[in-house]
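Chemist: My structure file work-v9.txt, compact mmCIF, N, CA and C atoms, is below:
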```txt
# COMPACT_ATOMS: atom_id res chain seq x y z
N ARG A 598 0.66 -2.95 -11.72
CA ARG A 598 0.88 -1.59 -11.28
C ARG A 598 -0.50 -0.96 -11.07
N TYR A 599 -0.64 -0.25 -9.94
CA TYR A 599 -1.88 0.40 -9.61
C TYR A 599 -1.63 1.88 -9.35
N ARG A 600 -2.60 2.67 -9.71
CA ARG A 600 -2.60 4.10 -9.37
C ARG A 600 -3.85 4.31 -8.53
N ILE A 601 -3.66 4.76 -7.30
CA ILE A 601 -4.76 4.95 -6.38
C ILE A 601 -4.93 6.43 -6.12
N ASP A 602 -6.11 6.94 -6.45
CA ASP A 602 -6.44 8.34 -6.21
C ASP A 602 -7.34 8.41 -4.98
N GLY A 603 -6.92 9.16 -3.97
CA GLY A 603 -7.71 9.31 -2.76
C GLY A 603 -8.17 10.75 -2.59
N LYS A 604 -9.40 10.90 -2.13
CA LYS A 604 -9.93 12.24 -1.88
C LYS A 604 -10.69 12.23 -0.57
N GLY A 605 -10.51 13.28 0.18
CA GLY A 605 -11.23 13.46 1.43
C GLY A 605 -11.63 14.93 1.54
N ILE A 606 -12.21 15.28 2.65
CA ILE A 606 -12.61 16.67 2.85
C ILE A 606 -11.34 17.51 3.00
N GLY A 607 -11.05 18.33 2.03
CA GLY A 607 -9.90 19.22 2.09
C GLY A 607 -8.57 18.55 1.83
N SER A 608 -8.58 17.35 1.28
CA SER A 608 -7.30 16.68 1.01
C SER A 608 -7.43 15.74 -0.18
N SER A 609 -6.29 15.43 -0.76
CA SER A 609 -6.24 14.46 -1.85
C SER A 609 -4.86 13.83 -1.88
N ASN A 610 -4.77 12.67 -2.52
CA ASN A 610 -3.48 12.00 -2.64
C ASN A 610 -3.50 11.07 -3.84
N VAL A 611 -2.32 10.82 -4.36
CA VAL A 611 -2.13 9.86 -5.43
C VAL A 611 -1.00 8.94 -5.00
N VAL A 612 -1.27 7.64 -5.03
CA VAL A 612 -0.29 6.63 -4.66
C VAL A 612 -0.13 5.68 -5.83
N GLU A 613 1.11 5.34 -6.15
CA GLU A 613 1.36 4.35 -7.18
C GLU A 613 1.97 3.13 -6.50
N ALA A 614 1.35 1.98 -6.73
CA ALA A 614 1.80 0.73 -6.13
C ALA A 614 2.14 -0.27 -7.22
N LYS A 615 3.17 -1.06 -6.98
CA LYS A 615 3.58 -2.08 -7.92
C LYS A 615 3.73 -3.39 -7.15
N LEU A 616 3.13 -4.43 -7.69
CA LEU A 616 3.23 -5.75 -7.09
C LEU A 616 3.84 -6.70 -8.10
N SER A 617 4.71 -7.58 -7.63
CA SER A 617 5.25 -8.63 -8.48
C SER A 617 5.12 -9.94 -7.73
N PHE A 618 4.82 -10.99 -8.47
CA PHE A 618 4.56 -12.31 -7.90
C PHE A 618 5.58 -13.30 -8.43
N VAL A 619 6.19 -14.07 -7.52
CA VAL A 619 7.18 -15.05 -7.90
C VAL A 619 6.75 -16.40 -7.34
N GLN A 620 6.63 -17.38 -8.23
CA GLN A 620 6.24 -18.71 -7.81
C GLN A 620 7.37 -19.34 -7.00
N GLN A 621 7.00 -19.97 -5.89
CA GLN A 621 7.95 -20.70 -5.06
C GLN A 621 7.40 -22.10 -4.84
N THR A 622 8.21 -22.96 -4.30
CA THR A 622 7.80 -24.36 -4.12
C THR A 622 6.53 -24.48 -3.28
N SER A 623 6.45 -23.69 -2.23
CA SER A 623 5.32 -23.81 -1.31
C SER A 623 4.26 -22.72 -1.50
N GLY A 624 4.30 -22.01 -2.59
CA GLY A 624 3.30 -20.96 -2.80
C GLY A 624 3.84 -19.85 -3.69
N THR A 625 3.45 -18.64 -3.36
CA THR A 625 3.84 -17.49 -4.15
C THR A 625 4.38 -16.40 -3.24
N ARG A 626 5.48 -15.80 -3.64
CA ARG A 626 6.04 -14.67 -2.89
C ARG A 626 5.59 -13.39 -3.58
N VAL A 627 5.12 -12.45 -2.78
CA VAL A 627 4.66 -11.15 -3.29
C VAL A 627 5.67 -10.09 -2.87
N HIS A 628 6.17 -9.35 -3.83
CA HIS A 628 7.03 -8.20 -3.54
C HIS A 628 6.25 -6.97 -3.99
N TRP A 629 6.20 -5.96 -3.14
CA TRP A 629 5.43 -4.77 -3.50
C TRP A 629 6.16 -3.51 -3.07
N THR A 630 5.87 -2.46 -3.75
CA THR A 630 6.32 -1.12 -3.37
C THR A 630 5.16 -0.16 -3.59
N ALA A 631 5.15 0.90 -2.83
CA ALA A 631 4.13 1.94 -3.00
C ALA A 631 4.80 3.29 -2.76
N ASP A 632 4.48 4.23 -3.60
CA ASP A 632 5.05 5.57 -3.49
C ASP A 632 3.93 6.61 -3.52
N ILE A 633 4.01 7.55 -2.60
CA ILE A 633 3.10 8.70 -2.65
C ILE A 633 3.66 9.64 -3.70
N VAL A 634 2.91 9.88 -4.74
CA VAL A 634 3.41 10.73 -5.82
C VAL A 634 2.80 12.13 -5.78
N GLU A 635 1.72 12.28 -5.02
CA GLU A 635 1.11 13.62 -4.94
C GLU A 635 0.27 13.74 -3.68
N LEU A 636 0.42 14.85 -2.98
CA LEU A 636 -0.41 15.19 -1.84
C LEU A 636 -1.04 16.54 -2.10
N GLY A 637 -2.31 16.67 -1.74
CA GLY A 637 -2.99 17.93 -1.94
C GLY A 637 -3.75 18.35 -0.70
N GLY A 638 -4.07 19.61 -0.63
CA GLY A 638 -4.86 20.14 0.47
C GLY A 638 -4.14 20.04 1.80
N LEU A 639 -4.89 19.61 2.81
CA LEU A 639 -4.36 19.56 4.18
C LEU A 639 -3.24 18.54 4.35
N LEU A 640 -3.18 17.53 3.49
CA LEU A 640 -2.13 16.51 3.62
C LEU A 640 -0.74 17.06 3.34
N LYS A 641 -0.67 18.17 2.62
CA LYS A 641 0.65 18.76 2.35
C LYS A 641 1.35 19.20 3.63
N ALA A 642 0.54 19.54 4.64
CA ALA A 642 1.11 20.06 5.90
C ALA A 642 1.48 18.95 6.89
N VAL A 643 1.08 17.72 6.61
CA VAL A 643 1.34 16.61 7.54
C VAL A 643 2.79 16.16 7.37
N PRO A 644 3.53 16.01 8.48
CA PRO A 644 4.92 15.57 8.39
C PRO A 644 5.04 14.19 7.72
N GLN A 645 6.07 14.00 6.93
CA GLN A 645 6.30 12.76 6.19
C GLN A 645 6.34 11.55 7.11
N GLY A 646 6.98 11.67 8.26
CA GLY A 646 7.06 10.56 9.20
C GLY A 646 5.70 10.11 9.71
N LEU A 647 4.81 11.04 9.93
CA LEU A 647 3.46 10.71 10.38
C LEU A 647 2.69 9.98 9.29
N LEU A 648 2.84 10.44 8.06
CA LEU A 648 2.19 9.77 6.93
C LEU A 648 2.72 8.35 6.76
N GLN A 649 4.03 8.18 6.87
CA GLN A 649 4.62 6.85 6.72
C GLN A 649 4.15 5.91 7.81
N GLY A 650 4.07 6.40 9.04
CA GLY A 650 3.60 5.57 10.15
C GLY A 650 2.16 5.12 9.96
N ALA A 651 1.30 6.04 9.55
CA ALA A 651 -0.10 5.71 9.33
C ALA A 651 -0.24 4.74 8.16
N ALA A 652 0.50 4.98 7.09
CA ALA A 652 0.45 4.10 5.93
C ALA A 652 0.93 2.70 6.29
N GLN A 653 1.99 2.60 7.07
CA GLN A 653 2.52 1.29 7.46
C GLN A 653 1.50 0.51 8.27
N LYS A 654 0.79 1.18 9.14
CA LYS A 654 -0.25 0.52 9.95
C LYS A 654 -1.34 -0.05 9.05
N VAL A 655 -1.81 0.72 8.10
CA VAL A 655 -2.85 0.25 7.19
C VAL A 655 -2.34 -0.93 6.36
N ILE A 656 -1.13 -0.82 5.85
CA ILE A 656 -0.54 -1.88 5.03
C ILE A 656 -0.38 -3.16 5.84
N ASP A 657 0.12 -3.06 7.07
CA ASP A 657 0.27 -4.23 7.92
C ASP A 657 -1.08 -4.91 8.17
N ASP A 658 -2.10 -4.12 8.42
CA ASP A 658 -3.44 -4.68 8.64
C ASP A 658 -3.95 -5.41 7.40
N ILE A 659 -3.72 -4.85 6.23
CA ILE A 659 -4.17 -5.49 4.98
C ILE A 659 -3.47 -6.82 4.78
N TRP A 660 -2.15 -6.86 4.91
CA TRP A 660 -1.41 -8.12 4.69
C TRP A 660 -1.73 -9.16 5.75
N ASN A 661 -1.91 -8.74 7.00
CA ASN A 661 -2.28 -9.68 8.06
C ASN A 661 -3.67 -10.28 7.79
N ASN A 662 -4.58 -9.46 7.32
CA ASN A 662 -5.92 -9.94 6.99
C ASN A 662 -5.85 -10.92 5.81
N ALA A 663 -5.07 -10.59 4.80
CA ALA A 663 -4.92 -11.48 3.64
C ALA A 663 -4.31 -12.81 4.06
N ALA A 664 -3.28 -12.78 4.91
CA ALA A 664 -2.63 -14.01 5.38
C ALA A 664 -3.61 -14.86 6.18
N SER A 665 -4.44 -14.24 7.01
CA SER A 665 -5.42 -14.99 7.79
C SER A 665 -6.44 -15.67 6.89
N ARG A 666 -6.89 -14.97 5.88
CA ARG A 666 -7.88 -15.55 4.96
C ARG A 666 -7.28 -16.68 4.14
N LEU A 667 -6.03 -16.54 3.73
CA LEU A 667 -5.39 -17.58 2.94
C LEU A 667 -5.10 -18.83 3.78
N ALA A 668 -4.85 -18.64 5.07
CA ALA A 668 -4.55 -19.76 5.95
C ALA A 668 -5.80 -20.49 6.43
N ALA A 669 -6.95 -19.85 6.32
CA ALA A 669 -8.21 -20.46 6.77
C ALA A 669 -8.59 -21.64 5.87
N PRO A 670 -9.18 -22.68 6.47
CA PRO A 670 -9.58 -23.84 5.65
C PRO A 670 -10.71 -23.51 4.69
```
What would you get if you wrote out this structure as structure tokens?

Modeler:
Amino acid sequence: RYRIDGKGIGSSNVVEAKLSFVQQTSGTRVHWTADIVELGGLLKAVPQGLLQGAAQKVIDDIWNNAASRLAAP
């Protein structure tokens, strides 16, 4: 379980993420969840859908990068 505190100019956020790992025959399966538990400053005014879209893009980029590195020889 991770607690991520983010701060920017005029904004702040707290995200809690949980990862669980399950061994499988060909590797490990990762199940994760992340929840925004607090928004501060200018982020309070941003629509939830916009935040979710931006977060999904960042998350997809992270997992794609991790998969590429794991697949590399």

Chemist: Within 6.5 Å of (1.5, 1.3, -12.4), all atoms listed in the file: residues as number ranges by chain?

Modeler: A: 598-600, 613-615

Chemist: Please identify the alpha helix (DSSP H) residues within chain A (assignment by DSSP from backbone atoms) and present them as a ChimeraX atom specification.

Modeler: /A:645-668

Chemist: Between atom CA of A:Gln649 and atom C of A:Phe618, what distance in Å does the model show, to one decimal?

Modeler: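 Between atom CA of A:Gln649 and atom C of A:Phe618 the gap works out to 25.2 Å.
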
Chemist: With a distance cut-off of 8 Å and only C-alpha atoms, select the neighbouring residues of A:Asn610, excluding the residue or stretch itself and same-chain residues fewer than 4 positions from it, and output the selection as an NGL selection string.

Modeler: :A and (602-604 or 633-637 or 640)

Chemist: Please report the interatomic distance between atom CA of A:Ala631 and atom N of A:Ser609 in Å with one decimal.

Modeler: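 About the pair atom CA of A:Ala631 and atom N of A:Ser609: they are 17.2 Å apart.
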
Chemist: To one decimal in Å, tell me the separation between atom CA of A:Asn661 and atom CA of A:Gln645.

Modeler: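 These two atoms are separated by 24.1 Å.
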
Chemist: Identify which of the residues A:Ile601, A:Gly638, A:Thr625, A:Asp632 lies closest to A:Leu667, counting only C-alpha atoms when measuring atom-to-atom distances.

Modeler: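 Among A:Ile601, A:Gly638, A:Thr625, A:Asp632, it is A:Thr625 that comes nearest to A:Leu667.
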
Chemist: Quick one: residues within 10 Å of A:Ser617, only C-alpha atoms, excluding same-chain residues fewer than 5 positions away - as a list in words?

Modeler: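 The contact residues come out as Arg598, Thr625, Arg626, Val627, His628, Trp629 and Thr630 of chain A.
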
Chemist: To test your reading of the structure, identify every residue in chain A that backbone DSSP assigns to strand (DSSP E), and report it as a ChimeraX atom specification.

Modeler: /A:599-605,608-621,624-638

Chemist: With distances taken over only N, CA and C atoms, which of A:Val655, A:Ala664, A:Leu648, A:Leu639 is nearest to A:Gly607?

Modeler: A:Leu639

Chemist: With distances taken over only N, CA and C atoms, which residue among A:Lys641, A:Gly646, A:Ala668, A:Ile656 lies nearest A:Ser608?

Modeler: A:Lys641

Chemist: Have stretch 616-638 of chain A completed to N, CA, C and O atoms, please, and pass it along as a PDB file, keeping the file's coordinate frame.

Modeler:
```pdb
ATOM      1  N   LEU A 616       3.130  -4.430  -7.690  1.00  0.00           N
ATOM      2  CA  LEU A 616       3.230  -5.750  -7.090  1.00  0.00           C
ATOM      3  C   LEU A 616       3.840  -6.700  -8.100  1.00  0.00           C
ATOM      4  O   LEU A 616       3.531  -6.630  -9.282  1.00  0.00           O
ATOM      5  N   SER A 617       4.710  -7.580  -7.630  1.00  0.00           N
ATOM      6  CA  SER A 617       5.250  -8.630  -8.480  1.00  0.00           C
ATOM      7  C   SER A 617       5.120  -9.940  -7.730  1.00  0.00           C
ATOM      8  O   SER A 617       5.258 -10.001  -6.511  1.00  0.00           O
ATOM      9  N   PHE A 618       4.820 -10.990  -8.470  1.00  0.00           N
ATOM     10  CA  PHE A 618       4.560 -12.310  -7.900  1.00  0.00           C
ATOM     11  C   PHE A 618       5.580 -13.300  -8.430  1.00  0.00           C
ATOM     12  O   PHE A 618       5.810 -13.363  -9.633  1.00  0.00           O
ATOM     13  N   VAL A 619       6.190 -14.070  -7.520  1.00  0.00           N
ATOM     14  CA  VAL A 619       7.180 -15.050  -7.900  1.00  0.00           C
ATOM     15  C   VAL A 619       6.750 -16.400  -7.340  1.00  0.00           C
ATOM     16  O   VAL A 619       6.523 -16.536  -6.130  1.00  0.00           O
ATOM     17  N   GLN A 620       6.630 -17.380  -8.230  1.00  0.00           N
ATOM     18  CA  GLN A 620       6.240 -18.710  -7.810  1.00  0.00           C
ATOM     19  C   GLN A 620       7.370 -19.340  -7.000  1.00  0.00           C
ATOM     20  O   GLN A 620       8.544 -19.239  -7.365  1.00  0.00           O
ATOM     21  N   GLN A 621       7.000 -19.970  -5.890  1.00  0.00           N
ATOM     22  CA  GLN A 621       7.950 -20.700  -5.060  1.00  0.00           C
ATOM     23  C   GLN A 621       7.400 -22.100  -4.840  1.00  0.00           C
ATOM     24  O   GLN A 621       6.234 -22.372  -5.139  1.00  0.00           O
ATOM     25  N   THR A 622       8.210 -22.960  -4.300  1.00  0.00           N
ATOM     26  CA  THR A 622       7.800 -24.360  -4.120  1.00  0.00           C
ATOM     27  C   THR A 622       6.530 -24.480  -3.280  1.00  0.00           C
ATOM     28  O   THR A 622       5.650 -25.255  -3.589  1.00  0.00           O
ATOM     29  N   SER A 623       6.450 -23.690  -2.230  1.00  0.00           N
ATOM     30  CA  SER A 623       5.320 -23.810  -1.310  1.00  0.00           C
ATOM     31  C   SER A 623       4.260 -22.720  -1.500  1.00  0.00           C
ATOM     32  O   SER A 623       3.423 -22.533  -0.639  1.00  0.00           O
ATOM     33  N   GLY A 624       4.300 -22.010  -2.590  1.00  0.00           N
ATOM     34  CA  GLY A 624       3.300 -20.960  -2.800  1.00  0.00           C
ATOM     35  C   GLY A 624       3.840 -19.850  -3.690  1.00  0.00           C
ATOM     36  O   GLY A 624       4.602 -20.108  -4.614  1.00  0.00           O
ATOM     37  N   THR A 625       3.450 -18.640  -3.360  1.00  0.00           N
ATOM     38  CA  THR A 625       3.840 -17.490  -4.150  1.00  0.00           C
ATOM     39  C   THR A 625       4.380 -16.400  -3.240  1.00  0.00           C
ATOM     40  O   THR A 625       3.803 -16.116  -2.190  1.00  0.00           O
ATOM     41  N   ARG A 626       5.480 -15.800  -3.640  1.00  0.00           N
ATOM     42  CA  ARG A 626       6.040 -14.670  -2.890  1.00  0.00           C
ATOM     43  C   ARG A 626       5.590 -13.390  -3.580  1.00  0.00           C
ATOM     44  O   ARG A 626       5.673 -13.263  -4.806  1.00  0.00           O
ATOM     45  N   VAL A 627       5.120 -12.450  -2.780  1.00  0.00           N
ATOM     46  CA  VAL A 627       4.660 -11.150  -3.290  1.00  0.00           C
ATOM     47  C   VAL A 627       5.670 -10.090  -2.870  1.00  0.00           C
ATOM     48  O   VAL A 627       5.990  -9.958  -1.686  1.00  0.00           O
ATOM     49  N   HIS A 628       6.170  -9.350  -3.830  1.00  0.00           N
ATOM     50  CA  HIS A 628       7.030  -8.200  -3.540  1.00  0.00           C
ATOM     51  C   HIS A 628       6.250  -6.970  -3.990  1.00  0.00           C
ATOM     52  O   HIS A 628       5.694  -6.942  -5.083  1.00  0.00           O
ATOM     53  N   TRP A 629       6.200  -5.960  -3.140  1.00  0.00           N
ATOM     54  CA  TRP A 629       5.430  -4.770  -3.500  1.00  0.00           C
ATOM     55  C   TRP A 629       6.160  -3.510  -3.070  1.00  0.00           C
ATOM     56  O   TRP A 629       6.985  -3.524  -2.151  1.00  0.00           O
ATOM     57  N   THR A 630       5.870  -2.460  -3.750  1.00  0.00           N
ATOM     58  CA  THR A 630       6.320  -1.120  -3.370  1.00  0.00           C
ATOM     59  C   THR A 630       5.160  -0.160  -3.590  1.00  0.00           C
ATOM     60  O   THR A 630       4.296  -0.405  -4.431  1.00  0.00           O
ATOM     61  N   ALA A 631       5.150   0.900  -2.830  1.00  0.00           N
ATOM     62  CA  ALA A 631       4.130   1.940  -3.000  1.00  0.00           C
ATOM     63  C   ALA A 631       4.800   3.290  -2.760  1.00  0.00           C
ATOM     64  O   ALA A 631       5.601   3.431  -1.837  1.00  0.00           O
ATOM     65  N   ASP A 632       4.480   4.230  -3.600  1.00  0.00           N
ATOM     66  CA  ASP A 632       5.050   5.570  -3.490  1.00  0.00           C
ATOM     67  C   ASP A 632       3.930   6.610  -3.520  1.00  0.00           C
ATOM     68  O   ASP A 632       3.029   6.530  -4.359  1.00  0.00           O
ATOM     69  N   ILE A 633       4.010   7.550  -2.600  1.00  0.00           N
ATOM     70  CA  ILE A 633       3.100   8.700  -2.650  1.00  0.00           C
ATOM     71  C   ILE A 633       3.660   9.640  -3.700  1.00  0.00           C
ATOM     72  O   ILE A 633       4.787  10.128  -3.565  1.00  0.00           O
ATOM     73  N   VAL A 634       2.910   9.880  -4.740  1.00  0.00           N
ATOM     74  CA  VAL A 634       3.410  10.730  -5.820  1.00  0.00           C
ATOM     75  C   VAL A 634       2.800  12.130  -5.780  1.00  0.00           C
ATOM     76  O   VAL A 634       3.321  13.045  -6.427  1.00  0.00           O
ATOM     77  N   GLU A 635       1.720  12.280  -5.020  1.00  0.00           N
ATOM     78  CA  GLU A 635       1.110  13.620  -4.940  1.00  0.00           C
ATOM     79  C   GLU A 635       0.270  13.740  -3.680  1.00  0.00           C
ATOM     80  O   GLU A 635      -0.475  12.833  -3.334  1.00  0.00           O
ATOM     81  N   LEU A 636       0.420  14.850  -2.980  1.00  0.00           N
ATOM     82  CA  LEU A 636      -0.410  15.190  -1.840  1.00  0.00           C
ATOM     83  C   LEU A 636      -1.040  16.540  -2.100  1.00  0.00           C
ATOM     84  O   LEU A 636      -0.388  17.447  -2.589  1.00  0.00           O
ATOM     85  N   GLY A 637      -2.310  16.670  -1.740  1.00  0.00           N
ATOM     86  CA  GLY A 637      -2.990  17.930  -1.940  1.00  0.00           C
ATOM     87  C   GLY A 637      -3.750  18.350  -0.700  1.00  0.00           C
ATOM     88  O   GLY A 637      -4.024  17.551   0.195  1.00  0.00           O
ATOM     89  N   GLY A 638      -4.070  19.610  -0.630  1.00  0.00           N
ATOM     90  CA  GLY A 638      -4.860  20.140   0.470  1.00  0.00           C
ATOM     91  C   GLY A 638      -4.140  20.040   1.800  1.00  0.00           C
ATOM     92  O   GLY A 638      -2.943  20.277   1.905  1.00  0.00           O
TER      93      GLY A 638
END
```
